[in-house]
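Data file: data.csv. Format and content: CSV, C-alpha atoms and all ligand atoms.
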chain,number,residue,atom,x,y,z
A,1,MET,CA,44.9,2.6,16.0
A,2,ARG,CA,46.5,5.0,13.6
A,3,ILE,CA,48.7,7.8,14.8
A,4,ILE,CA,51.2,10.3,13.6
A,5,LEU,CA,54.3,11.2,15.6
A,6,LEU,CA,55.4,14.7,14.8
A,7,GLY,CA,58.6,16.4,15.9
A,8,PRO,CA,62.0,17.6,14.8
A,9,PRO,CA,64.9,15.3,14.2
A,10,GLY,CA,66.2,14.1,17.6
A,11,SER,CA,62.9,14.6,19.4
A,12,GLY,CA,62.6,10.9,20.1
A,13,LYS,CA,59.9,9.9,17.5
A,14,GLY,CA,61.7,6.8,16.5
A,15,THR,CA,62.4,5.7,20.1
A,16,GLN,CA,58.7,6.3,21.1
A,17,ALA,CA,57.4,4.6,17.9
A,18,GLN,CA,59.4,1.5,18.7
A,19,LEU,CA,58.0,1.3,22.3
A,20,LEU,CA,54.5,1.9,21.0
A,21,VAL,CA,55.0,-1.0,18.5
A,22,GLN,CA,55.9,-3.3,21.4
A,23,ARG,CA,53.0,-2.1,23.5
A,24,TYR,CA,50.1,-2.1,21.1
A,25,GLY,CA,51.2,-4.6,18.4
A,26,ILE,CA,51.0,-2.1,15.6
A,27,VAL,CA,53.6,-1.3,13.0
A,28,GLN,CA,55.9,1.6,12.7
A,29,LEU,CA,55.9,3.2,9.2
A,30,SER,CA,59.0,5.4,9.0
A,31,THR,CA,59.6,7.0,5.6
A,32,GLY,CA,63.2,7.7,6.6
A,33,GLU,CA,63.8,3.9,7.2
A,34,MET,CA,62.1,3.0,4.0
A,35,LEU,CA,64.1,5.5,2.0
A,36,ARG,CA,67.4,4.3,3.6
A,37,ALA,CA,66.4,0.7,2.7
A,38,ALA,CA,65.7,1.9,-0.9
A,39,VAL,CA,69.1,3.6,-1.0
A,40,ALA,CA,70.8,0.5,0.3
A,41,ALA,CA,69.0,-1.7,-2.3
A,42,GLY,CA,69.8,0.8,-5.1
A,43,THR,CA,66.2,0.9,-6.3
A,44,PRO,CA,65.1,3.8,-8.6
A,45,VAL,CA,63.5,5.5,-5.5
A,46,GLY,CA,66.7,5.0,-3.6
A,47,LEU,CA,68.8,6.5,-6.4
A,48,LYS,CA,66.5,9.5,-6.5
A,49,ALA,CA,66.6,10.0,-2.7
A,50,LYS,CA,70.3,9.3,-2.0
A,51,GLU,CA,71.7,12.8,-2.6
A,52,ILE,CA,68.8,14.6,-1.2
A,53,MET,CA,68.9,12.7,2.1
A,54,ALA,CA,72.7,13.1,2.4
A,55,SER,CA,72.3,16.8,2.2
A,56,GLY,CA,69.4,17.0,4.7
A,57,GLY,CA,66.8,18.1,2.1
A,58,LEU,CA,63.3,16.6,1.6
A,59,VAL,CA,62.5,13.9,-0.9
A,60,PRO,CA,59.7,14.9,-3.4
A,61,ASP,CA,56.2,14.6,-1.9
A,62,ASP,CA,54.9,12.2,-4.7
A,63,VAL,CA,57.7,9.7,-3.9
A,64,VAL,CA,57.0,9.5,-0.2
A,65,VAL,CA,53.2,9.5,-0.6
A,66,GLY,CA,53.5,6.6,-3.1
A,67,ILE,CA,55.7,4.6,-0.6
A,68,ILE,CA,53.3,5.2,2.3
A,69,SER,CA,50.2,4.4,0.3
A,70,ASP,CA,51.7,1.0,-0.7
A,71,ARG,CA,52.9,0.3,2.8
A,72,ILE,CA,49.5,1.0,4.4
A,73,ASP,CA,48.0,-1.6,2.1
A,74,GLN,CA,50.3,-4.4,3.5
A,75,PRO,CA,48.5,-6.9,5.7
A,76,ASP,CA,50.6,-6.1,8.8
A,77,ALA,CA,49.4,-2.6,8.8
A,78,ARG,CA,45.7,-3.7,9.1
A,79,ASN,CA,45.9,-3.7,12.9
A,80,GLY,CA,47.1,-0.1,13.0
A,81,PHE,CA,50.3,2.0,12.4
A,82,ILE,CA,52.4,4.8,13.7
A,83,LEU,CA,53.6,7.2,11.1
A,84,ASP,CA,57.1,8.4,12.0
A,85,GLY,CA,58.6,11.1,9.8
A,86,PHE,CA,55.5,11.3,7.5
A,87,PRO,CA,53.8,13.6,6.6
A,88,ARG,CA,56.5,16.3,6.6
A,89,THR,CA,54.8,18.9,4.4
A,90,VAL,CA,51.3,20.2,4.1
A,91,PRO,CA,50.9,18.7,0.6
A,92,GLN,CA,51.9,15.3,2.1
A,93,ALA,CA,49.3,15.8,4.9
A,94,GLU,CA,46.6,16.6,2.3
A,95,ALA,CA,47.6,13.5,0.3
A,96,LEU,CA,47.5,11.4,3.4
A,97,ASP,CA,44.0,12.7,4.3
A,98,GLY,CA,42.9,11.8,0.7
A,99,LEU,CA,44.3,8.3,0.8
A,100,LEU,CA,43.0,7.5,4.3
A,101,LYS,CA,39.5,8.6,3.1
A,102,HIS,CA,39.8,6.5,0.0
A,103,LYS,CA,40.9,3.5,2.1
A,104,HIS,CA,38.1,4.1,4.6
A,105,LEU,CA,40.6,4.5,7.5
A,106,LYS,CA,40.4,6.9,10.4
A,107,LEU,CA,43.3,8.8,12.0
A,108,ASP,CA,43.2,8.6,15.8
A,109,ALA,CA,45.7,11.2,16.8
A,110,VAL,CA,48.6,13.4,15.8
A,111,ILE,CA,51.1,13.6,18.6
A,112,GLU,CA,53.6,16.4,18.6
A,113,LEU,CA,56.8,15.8,20.7
A,114,ARG,CA,57.8,19.3,21.6
A,115,VAL,CA,61.5,19.8,22.4
A,116,ASN,CA,63.9,22.5,23.1
A,117,GLU,CA,65.8,23.0,19.9
A,118,SER,CA,69.1,23.8,21.6
A,119,ALA,CA,69.0,20.4,23.2
A,120,LEU,CA,68.6,18.6,19.9
A,121,LEU,CA,72.1,18.9,18.8
A,122,ASN,CA,73.3,17.4,22.1
A,123,ARG,CA,70.9,14.5,21.8
A,124,VAL,CA,71.9,13.6,18.3
A,125,GLU,CA,75.6,13.8,19.3
A,126,THR,CA,74.9,11.5,22.2
A,127,ARG,CA,73.0,9.1,20.0
A,128,VAL,CA,75.9,9.0,17.5
A,129,ALA,CA,78.5,8.5,20.2
A,130,GLN,CA,76.4,5.6,21.7
A,131,MET,CA,75.9,4.0,18.2
A,132,ARG,CA,79.7,4.2,17.6
A,133,GLU,CA,80.3,2.6,21.0
A,134,ARG,CA,78.1,-0.3,20.1
A,135,GLY,CA,79.8,-0.6,16.7
A,136,GLU,CA,76.6,0.3,14.8
A,137,GLU,CA,76.6,2.1,11.5
A,138,VAL,CA,76.0,5.8,11.9
A,139,ARG,CA,73.7,7.6,9.5
A,140,LEU,CA,75.3,9.9,7.0
A,141,ASP,CA,72.9,12.7,7.8
A,142,ASP,CA,73.7,12.6,11.6
A,143,THR,CA,76.4,15.2,11.4
A,144,PRO,CA,76.0,18.7,13.0
A,145,GLU,CA,76.0,20.4,9.6
A,146,VAL,CA,73.3,18.2,8.1
A,147,LEU,CA,71.3,18.3,11.3
A,148,THR,CA,71.2,22.1,11.1
A,149,LYS,CA,69.8,21.8,7.6
A,150,ARG,CA,67.3,19.1,8.7
A,151,LEU,CA,66.1,21.4,11.5
A,152,ALA,CA,65.7,24.2,9.1
A,153,SER,CA,63.6,22.1,6.8
A,154,TYR,CA,61.5,21.0,9.8
A,155,ARG,CA,60.9,24.6,10.8
A,156,ASN,CA,60.0,25.7,7.3
A,157,GLN,CA,58.1,22.8,5.9
A,158,THR,CA,57.0,20.5,8.7
A,159,GLU,CA,56.1,22.9,11.5
A,160,PRO,CA,53.1,24.3,9.5
A,161,LEU,CA,51.5,20.8,10.1
A,162,ILE,CA,51.1,21.7,13.8
A,163,HIS,CA,48.6,24.4,12.6
A,164,TYR,CA,47.1,22.0,10.0
A,165,TYR,CA,46.2,19.3,12.5
A,166,SER,CA,45.3,21.7,15.3
A,167,GLU,CA,42.7,23.3,13.0
A,168,ARG,CA,41.3,19.8,12.3
A,169,ARG,CA,41.3,19.1,16.1
A,170,LYS,CA,43.7,16.2,15.7
A,171,LEU,CA,46.7,17.6,17.5
A,172,SER,CA,48.0,16.8,20.9
A,173,THR,CA,51.3,18.1,22.2
A,174,ILE,CA,53.6,16.2,24.7
A,175,ASP,CA,56.7,17.5,26.3
A,176,GLY,CA,59.4,15.6,24.6
A,177,MET,CA,62.1,16.8,27.0
A,178,MET,CA,60.8,14.5,29.7
A,179,ALA,CA,62.6,11.1,30.4
A,180,ILE,CA,61.8,8.5,27.7
A,181,ASP,CA,59.5,6.4,29.9
A,182,GLU,CA,57.6,9.5,31.1
A,183,VAL,CA,57.0,10.5,27.4
A,184,THR,CA,55.8,6.9,26.8
A,185,ARG,CA,53.4,7.1,29.8
A,186,ALA,CA,52.1,10.5,28.6
A,187,ILE,CA,51.4,9.1,25.2
A,188,HIS,CA,49.6,6.1,26.7
A,189,ARG,CA,47.4,8.4,28.9
A,190,LEU,CA,46.6,10.5,25.9
A,191,LEU,CA,45.6,7.5,23.8
A,192,LEU,CA,43.4,6.3,26.7
A,193,ALA,CA,41.7,9.7,26.9
A,194,LEU,CA,41.1,9.7,23.2
A,195,GLY,CA,39.6,6.2,23.4
A,196,ALA,CA,42.3,4.9,20.9
A,197,VAL,CA,43.3,2.1,23.3
A,198,GLU,CA,41.1,0.1,25.6
A,199,PRO,CA,41.3,0.9,29.3
A,200,LYS,CA,41.7,-2.8,30.0
A,201,THR,CA,45.2,-2.6,28.4
A,202,ARG,CA,46.3,-0.2,31.1
A,203,ALA,CA,47.4,-2.6,33.8
A,204,ARG,CA,49.2,-4.8,31.4
A,205,SER,CA,50.8,-1.8,29.7
A,206,ALA,CA,51.9,-0.4,33.0
A,207,ALA,CA,53.5,-3.7,33.9
A,208,LYS,CA,55.2,-3.8,30.5
A,209,ALA,CA,56.6,-0.3,31.2
A,210,GLY,CA,58.8,-1.8,33.9
A,211,PRO,CA,61.9,-2.2,31.8
A,212,ALA,CA,61.5,1.2,30.2
A,213,LYS,CA,61.5,2.7,33.7
A,214,LYS,CA,64.9,1.4,34.4
A,215,ALA,CA,66.1,2.9,31.1
A,216,LYS,CA,65.4,6.4,32.3
A,217,GLY,CA,66.6,8.9,29.8
A,218,THR,CA,69.1,6.8,27.9
A,219,ASN,CA,68.8,5.6,24.3
A,220,LYS,CA,70.9,2.6,25.3
A,221,GLY,CA,68.5,1.6,28.0
A,222,THR,CA,65.5,2.0,25.8
A,223,LYS,CA,67.0,-0.3,23.2
A,224,LYS,CA,67.5,-2.9,26.0
A,225,ALA,CA,63.9,-2.3,27.1
A,226,ALA,CA,62.7,-2.7,23.5
A,227,LYS,CA,64.8,-5.8,23.1
A,228,LYS,CA,63.3,-7.3,26.4
A,229,SER,CA,59.7,-6.6,25.3
A,230,ALA,CA,60.5,-7.8,21.8
A,231,LYS,CA,61.0,-11.3,23.2
A,232,LYS,CA,57.3,-11.1,24.1
A,233,PRO,CA,55.9,-9.2,21.1
A,234,ALA,CA,52.4,-7.6,20.9
A,235,LYS,CA,51.3,-9.1,24.2
A,236,VAL,CA,48.8,-6.4,24.9
A,237,VAL,CA,47.0,-7.3,21.7
A,238,LYS,CA,47.5,-11.0,21.9
A,239,LYS,CA,46.8,-11.5,25.5
A,240,PRO,CA,43.0,-10.7,25.4
A,241,ALA,CA,42.7,-13.2,22.5
A,242,LYS,CA,44.7,-15.7,24.5
A,243,SER,CA,42.6,-15.3,27.7
A,244,ALA,CA,39.4,-15.6,25.6
A,245,LYS,CA,40.6,-18.8,24.2
A,246,THR,CA,41.7,-20.1,27.7
A,247,ALA,CA,38.3,-19.1,29.1
A,248,LYS,CA,36.5,-21.0,26.3
A,249,LYS,CA,38.7,-24.0,27.0
A,250,ALA,CA,38.1,-23.8,30.7
A,251,ALA,CA,34.3,-23.5,30.1
A,252,ARG,CA,34.4,-26.6,27.9
A,253,LYS,CA,36.3,-28.5,30.5
A,254,ALA,CA,33.9,-27.4,33.2
A,255,VAL,CA,30.9,-28.7,31.2
A,256,LYS,CA,32.7,-32.0,30.7
A,257,VAL,CA,33.5,-32.3,34.4
A,258,ALA,CA,30.0,-31.3,35.3
A,259,LYS,CA,28.5,-33.9,32.9
A,260,LYS,CA,30.8,-36.6,34.3
A,261,ALA,CA,29.9,-35.6,37.9
A,262,THR,CA,26.2,-35.7,37.0
A,263,ARG,CA,26.6,-39.1,35.4
A,264,LYS,CA,28.4,-40.3,38.6
A,265,MET,CA,25.7,-38.8,40.8
A,266,VAL,CA,22.9,-40.4,38.8
A,267,LYS,CA,24.7,-43.7,38.9
A,268,LYS,CA,25.3,-43.5,42.6
A,269,ALA,CA,21.7,-42.4,43.2
A,270,ALA,CA,20.4,-45.3,41.1
A,271,LYS,CA,22.6,-47.7,43.1
A,272,THR,CA,21.3,-46.3,46.4
A,273,ILE,CA,17.7,-46.6,45.3
A,274,ALA,CA,18.3,-50.1,44.0
A,275,LYS,CA,20.0,-51.1,47.3
A,276,LYS,CA,17.1,-49.5,49.3
A,277,ALA,CA,14.6,-51.3,47.1
A,278,VAL,CA,16.3,-54.6,47.7
A,279,LYS,CA,16.5,-54.0,51.4
A,280,LYS,CA,12.9,-53.0,51.5
A,281,GLY,CA,11.9,-55.9,49.4
A,282,SER,CA,13.7,-58.4,51.6
A,283,LYS,CA,12.2,-56.8,54.7
A,284,LYS,CA,8.7,-56.6,53.3
A,285,GLY,CA,8.7,-60.1,51.8
A,286,PRO,CA,9.0,-62.1,55.0
A,287,LYS,CA,6.6,-59.8,56.8
A,288,LYS,CA,3.9,-60.3,54.2
A,289,VAL,CA,4.5,-64.0,54.3
A,290,THR,CA,4.3,-64.0,58.0
A,291,LYS,CA,1.1,-62.0,57.9
A,292,LYS,CA,-0.4,-64.2,55.4
A,293,ARG,CA,0.7,-67.2,57.3
A,294,ALA,CA,-0.7,-65.7,60.5
A,295,LYS,CA,-4.0,-65.2,58.7
A,296,ARG,CA,-4.1,-68.7,57.6
A,301,LIG,P1,64.3,10.6,9.2
A,301,LIG,O1,64.8,9.2,9.4
A,301,LIG,O2,62.8,10.6,9.4
A,301,LIG,O3,65.0,11.7,9.9
A,301,LIG,O4,64.5,10.9,7.6
A,301,LIG,C1,65.7,10.9,7.0
A,301,LIG,C2,65.7,11.7,5.7
A,301,LIG,O5,64.8,11.0,4.8
A,301,LIG,C3,65.1,13.1,5.8
A,301,LIG,O6,66.1,14.0,6.2
A,301,LIG,C4,64.6,13.3,4.4
A,301,LIG,O7,65.7,13.5,3.5
A,301,LIG,C5,64.1,11.9,4.0
A,301,LIG,N1,62.6,11.8,4.4
A,301,LIG,C6,62.1,11.0,5.3
A,301,LIG,N2,60.8,11.1,5.4
A,301,LIG,C7,60.5,12.1,4.5
A,301,LIG,C8,59.3,12.7,4.1
A,301,LIG,N3,58.1,12.4,4.6
A,301,LIG,N4,59.3,13.6,3.1
A,301,LIG,C9,60.4,13.9,2.5
A,301,LIG,N5,61.6,13.4,2.8
A,301,LIG,C10,61.7,12.5,3.8
Render the structure in this file as structure tokens.
Ligand code: AMP
Amino acid sequence: MRIILLGPPGSGKGTQAQLLVQRYGIVQLSTGEMLRAAVAAGTPVGLKAKEIMASGGLVPDDVVVGIISDRIDQPDARNGFILDGFPRTVPQAEALDGLLKHKHLKLDAVIELRVNESALLNRVETRVAQMRERGEEVRLDDTPEVLTKRLASYRNQTEPLIHYYSERRKLSTIDGMMAIDEVTRAIHRLLLALGAVEPKTRARSAAKAGPAKKAKGTNKGTKKAAKKSAKKPAKVVKKPAKSAKTAKKAARKAVKVAKKATRKMVKKAAKTIAKKAVKKGSKKGPKKVTKKRAKR
């Protein structure tokens, strides 16, 4: 399954992407994360991106397209991926179309998380406060000033993608203002309707959604839910394989048992026949003799 999550900063793309990763065993490809890693490692890409990111601007298209193209080729992305934060411009979307075509890969869906812009600032402030509480490092671009700039670049450069994918009949929109677990369920229902996930995974996925339910609306809870399910990663994908294996094993065992039982039955039957034959023989013998004797 290959999907794109589209939405402004603070719309919950990252949170939903993490939950989808746990549920479907696919990877999250976040250009923001990759760029932050490049900045931290001081690579040439990182050096190029550092200033731009800190100011809330967009890194040049060719840089992010190159990163994504390489990342899609990695073995762990073969099972499928969620693009989070990419594409962010129409040229990036066109480049993605081209490289997916070249790699013979199909895009299943583009999911837009629609949110109320005035709520975004609050959301990001809450996220930052919670991260500080947990003693986690806060992103340099998570300040109200930079967020305003990031929102402006979303409106000007990324929002046109809604039209781009809607024209190509790829776009689905979900209300991103719902509680986290409700958004997750809506995404799952959508993927089911699109045939991007197997209906069989439904029951298991619903069961897995348990911890996320408890986490209603809070980032903290979601992290806990993600942690919980992280202990049992990619079960939805792995389980069918596991049960197929188990079924094969059970079938082999059943054949063995049946063979053993047949051997036992044959043995028992042979014994019974032999016993009967002996009995018959011993009964018939004297009779014959008696008859013969009587004749004589
Ligand atoms: P994010 O974590 O997705 O909010 O991204 C953080 C920052 O990384 C953005 O504000 C941009 O500066 C940069 N960035 C991430 N993805 C892209 C992209 N697809 N195109 C350009 N810049 C990006």
**Request:** Can you tell me which residues come within 10 Å of ligand LIG 301 (chain A) when counting all atoms listed in the file, ideally as a VMD selection string?
**Result:** chain A and resid 7 to 10 13 to 14 30 to 36 49 to 65 67 to 68 83 to 89 92 to 93 139 to 142 146 to 147 149 to 151 153 to 154 157 to 158
Let me see the file: selected residues, C-alpha atoms, as a tab-separated table (two decimals), in the frame of the given file.
chain	number	residue	atom	x	y	z
A	7	GLY	CA	58.60	16.40	15.90
A	8	PRO	CA	62.00	17.60	14.80
A	9	PRO	CA	64.90	15.30	14.20
A	10	GLY	CA	66.20	14.10	17.60
A	13	LYS	CA	59.90	9.90	17.50
A	14	GLY	CA	61.70	6.80	16.50
A	30	SER	CA	59.00	5.40	9.00
A	31	THR	CA	59.60	7.00	5.60
A	32	GLY	CA	63.20	7.70	6.60
A	33	GLU	CA	63.80	3.90	7.20
A	34	MET	CA	62.10	3.00	4.00
A	35	LEU	CA	64.10	5.50	2.00
A	36	ARG	CA	67.40	4.30	3.60
A	49	ALA	CA	66.60	10.00	-2.70
A	50	LYS	CA	70.30	9.30	-2.00
A	51	GLU	CA	71.70	12.80	-2.60
A	52	ILE	CA	68.80	14.60	-1.20
A	53	MET	CA	68.90	12.70	2.10
A	54	ALA	CA	72.70	13.10	2.40
A	55	SER	CA	72.30	16.80	2.20
A	56	GLY	CA	69.40	17.00	4.70
A	57	GLY	CA	66.80	18.10	2.10
A	58	LEU	CA	63.30	16.60	1.60
A	59	VAL	CA	62.50	13.90	-0.90
A	60	PRO	CA	59.70	14.90	-3.40
A	61	ASP	CA	56.20	14.60	-1.90
A	62	ASP	CA	54.90	12.20	-4.70
A	63	VAL	CA	57.70	9.70	-3.90
A	64	VAL	CA	57.00	9.50	-0.20
A	65	VAL	CA	53.20	9.50	-0.60
A	67	ILE	CA	55.70	4.60	-0.60
A	68	ILE	CA	53.30	5.20	2.30
A	83	LEU	CA	53.60	7.20	11.10
A	84	ASP	CA	57.10	8.40	12.00
A	85	GLY	CA	58.60	11.10	9.80
A	86	PHE	CA	55.50	11.30	7.50
A	87	PRO	CA	53.80	13.60	6.60
A	88	ARG	CA	56.50	16.30	6.60
A	89	THR	CA	54.80	18.90	4.40
A	92	GLN	CA	51.90	15.30	2.10
A	93	ALA	CA	49.30	15.80	4.90
A	139	ARG	CA	73.70	7.60	9.50
A	140	LEU	CA	75.30	9.90	7.00
A	141	ASP	CA	72.90	12.70	7.80
A	142	ASP	CA	73.70	12.60	11.60
A	146	VAL	CA	73.30	18.20	8.10
A	147	LEU	CA	71.30	18.30	11.30
A	149	LYS	CA	69.80	21.80	7.60
A	150	ARG	CA	67.30	19.10	8.70
A	151	LEU	CA	66.10	21.40	11.50
A	153	SER	CA	63.60	22.10	6.80
A	154	TYR	CA	61.50	21.00	9.80
A	157	GLN	CA	58.10	22.80	5.90
A	158	THR	CA	57.00	20.50	8.70
**Request:** Between A:Gly42, A:Pro75, A:Gly80, A:Gly12, single out the one closest to Leu107 in chain A, counting only C-alpha atoms.
**Result:** A:Gly80
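Atom pair CA of Pro160 in chain A / CA of Leu6 in chain A: separated by 11.2 Å.
You will find CA of Leu20 in chain A at 15.1 Å from CA of Asp76 in chain A.
If you look at CA of Ala179 in chain A and CA of Ile111 in chain A, they are 16.7 Å away from each other.
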Taking (62.0, 20.3, 22.4) in the coordinates of the supplied file, I want to know which residues reach to within 7 Å of it, counting only C-alpha atoms; could you give the answer as a compact mmCIF listing (two decimals) with C-alpha atoms, keeping the file's coordinate frame?
# COMPACT_ATOMS: atom_id res chain seq x y z
CA SER A 11 62.90 14.60 19.40
CA ARG A 114 57.80 19.30 21.60
CA VAL A 115 61.50 19.80 22.40
CA ASN A 116 63.90 22.50 23.10
CA GLU A 117 65.80 23.00 19.90
CA GLY A 176 59.40 15.60 24.60
CA MET A 177 62.10 16.80 27.00
**Asked** In terms of the shortest atom-to-atom distance over only C-alpha atoms, which of A:Leu121, A:Met1, A:Leu194, A:Ala37 is closest to Arg23 in chain A?
**Response** A:Met1
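Distances from A:Ile3, A:Met131, A:Val183, A:Ala119 to Leu100 in chain A were compared using all atoms listed in the file, and the smallest one belongs to A:Ile3.
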